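Here is the structure we will look at, set down as structure tokens.
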Amino acid sequence: MNWITNYVRPKINSIFSRRETPENLWQKCESCGTMLFHREFKDNLNVCTSCGHHMAISPRARFAALFDGGVFTEVAVPEPVADPLHFRDQKKYPDRMKAAQKVTGEKEAMLVAAGEIGRTPIIAAAQDFAFMGGSMGMYVGNAIIAAAEEAVRLKRPLILFSAAGGARMQEGILSLMQMPRTTVAVQMLKEAGLPYIVVLTHPTTGGVTASYAMLGDVHIAEPNALICFAGPRVIEQTIRETLPEGFQRAEYLLDHGMIDRVTPRGQLRDELIRITRLLLGLSPVISADLPAPDKSGPGKGAGTPAEGKDAGA
């Protein structure tokens with residue numbers, strides 16, 4: 001044994017085996033700037049534990065917290081024609097799609113699922129703002145129609161979580177045509193006597209607000225969500241006047257009768273259970289009978305029930 005083996009080798013090993021701190025351990029609050037530990041942030045459903053600011057949450061994470069035990073079955077959505085206009089701006093439309101799919105891990109901007117909340121079978125659909133701004137294209141239109149048809153077939157309520165910047169310009173008029181298509185889908189639910197509940201999340205704007213997002217039987221919004229057709233900045237530039245503070249935010253719309261509730265994300269599941277059972281004429285759910293919420297998180301395997309059992313059966 002000598003100084004090489006006793007000192008030099010351990011020193012070299014310590015240098016090369018030194019671990020770097022992962023960059024995703026902390027999340028900075030977009031409102032108050034507080035650094036949030038990733039596990040606490042995730043357990044609190046992407047809501048700041050300091051100021052209560054609601055940050056974006058993926059449809060899978062939302063469904064894992066919404067459905068009993070975090071178990072749900074994905075509803076198949078017909079695939080539309082890819083790049084129908086051969087659109088290109090700074091990038092080709094297919095390249096933008098691939099980039100969004102890589103970032104989100106999803107194939108499109110809306111996820112449709114079947115399952116139970118408070119032992120009550122429902123169909124749910126949620127938009128992902130991280131996927132090209134949650135923009136409404138032909139796939140989103142197909143997804144809402146598929147959700148409505150599944151709800152009618154199984155005689156279940158439909159709960160939709162909206163989050164979008166409007167229509168998808170890369171699909172032009174075909175994107176705008178999803179407004180009347182989804183309106184017809186909502187009418188199918190009304191004719192079948194099934195509840196249609198919309199949860200408006202930040203932001204819900206453009207053609208989405210002008211169609212299916214504001215046609216619900218009950219409208220619930222998350223705190224401070226921006227809900228509008230044209231944004232405040234566009235309106236101020238058009239009318240050249242200063243708008244009221246909080247204009248087009250969830251609380252402002254509640255005060256002016258445009259929505260029915262403003263509910264924090266942590267209380268949303270219980271609120272939806274109560275409202276859904278009320279609209280269906282069912283007795284209130286017994287909280288002690290409910291399964292424990294899923295704490296494992298919305299991994300890639302979430303959404304597929306074990307042993308192939310339909311979660312909504």
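Letters A, B, ... mark the chains of the structure tokens in the order given; residue numbers begin at 1 per chain; ligand numbers begin at 1, in order shown.
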A:Glu245 environment, 12 Å, only C-alpha atoms, sequence neighbours closer than 5 positions dropped, as a ChimeraX atom specification
/A:224,232,251-252
Restricting the output to N, CA and C atoms, write the selected residues as a PDB file, in the first residue's frame.
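Dumped everything to selection.pdb:
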ATOM      1  N   ASN A 224     -58.822  32.034 -10.491  1.00  0.00           N
ATOM      2  CA  ASN A 224     -58.023  32.962 -11.302  1.00  0.00           C
ATOM      3  C   ASN A 224     -57.824  32.496 -12.743  1.00  0.00           C
ATOM      4  N   PRO A 232     -57.902  40.202 -22.746  1.00  0.00           N
ATOM      5  CA  PRO A 232     -57.983  41.583 -22.253  1.00  0.00           C
ATOM      6  C   PRO A 232     -57.091  42.554 -23.026  1.00  0.00           C
ATOM      7  N   GLU A 251     -63.180  34.696 -11.012  1.00  0.00           N
ATOM      8  CA  GLU A 251     -63.930  35.370  -9.948  1.00  0.00           C
ATOM      9  C   GLU A 251     -64.794  36.508 -10.510  1.00  0.00           C
ATOM     10  N   TYR A 252     -64.287  37.216 -11.505  1.00  0.00           N
ATOM     11  CA  TYR A 252     -65.050  38.296 -12.149  1.00  0.00           C
ATOM     12  C   TYR A 252     -66.273  37.724 -12.851  1.00  0.00           C
TER      13      TYR A 252
END
Can you list, as a ChimeraX atom specification, all residues belonging to stretch 118-185 of chain A that DSSP tags as helix (DSSP H, G or I)?
/A:132-134,138-154,169-176,178-185
Considering only C-alpha atoms, return as a PyMOL selection string whatever protein or nucleic-acid residues lie within 12 Å of A:Ala163, sequence-local ones (same chain, fewer than 4 positions apart) excluded.
chain A and resi 55-59+109-111+125-136+140+167+198-209+212-213+221-222+225-228
Could you tell me how far atom CA of A:Val234 lies from atom CA of A:Phe87, in Å and to one decimal?
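Distance reported for this atom pair: 25.9 Å.
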Pick from A:Ile235, A:Leu174, A:Ile145, A:Cys48, whichever lies nearest to A:Ala82 using only C-alpha atoms
A:Leu174
Pick out the closest residue to A:Lys91 from this set: A:Thr238, A:Val184, A:Gln170, A:Asp43. Count only C-alpha atoms.
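Looking at the shortest contact to A:Lys91, the residue is A:Gln170.
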Would you pick out the contacts of A:Met188 at 10 Å or less, using only C-alpha atoms, so that residues sharing its chain but fewer than 2 positions from it are not included, and give the list as an MDAnalysis selection string?
chainID A and resid 145 148:149 151:152 182:186 190:194
Same residues, C-alpha atoms, saved as a tab-separated table (two decimals), in the first residue's frame:
chain	number	residue	atom	x	y	z
A	145	ILE	CA	-67.85	13.58	-30.28
A	148	ALA	CA	-70.50	12.32	-26.12
A	149	GLU	CA	-71.31	9.14	-28.06
A	151	ALA	CA	-71.72	8.90	-22.68
A	152	VAL	CA	-74.98	8.39	-24.58
A	182	THR	CA	-68.94	19.84	-30.90
A	183	THR	CA	-72.12	21.88	-30.41
A	184	VAL	CA	-74.07	19.05	-32.05
A	185	ALA	CA	-72.29	16.55	-29.77
A	186	VAL	CA	-73.40	18.54	-26.70
A	190	LYS	CA	-79.09	17.14	-23.80
A	191	GLU	CA	-81.53	15.13	-25.93
A	192	ALA	CA	-80.51	11.98	-24.01
A	193	GLY	CA	-81.15	13.77	-20.71
A	194	LEU	CA	-77.54	13.39	-19.55
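With only C-alpha atoms as the atoms that count, the minimum distance from A:Pro195 to the choices A:Val75, A:Ala65, A:Met179, A:Leu160 is reached by A:Leu160.
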Could you check which of A:Leu215, A:Val71, A:Ala250, A:Leu272 is closest to A:Glu116, using only C-alpha atoms?
A:Val71
For A:Phe229, which of A:Pro264, A:Ala164, A:Gly257, A:Thr242 is the closest residue, counting only C-alpha atoms?
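Of A:Pro264, A:Ala164, A:Gly257, A:Thr242, the one nearest A:Phe229 is A:Ala164, counting only C-alpha atoms.
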Rounded to one decimal place, report the atom CA of A:Leu268-atom CA of A:His54 distance in Å.
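Atom-to-atom, atom CA of A:Leu268 and atom CA of A:His54 are spaced 12.5 Å apart.
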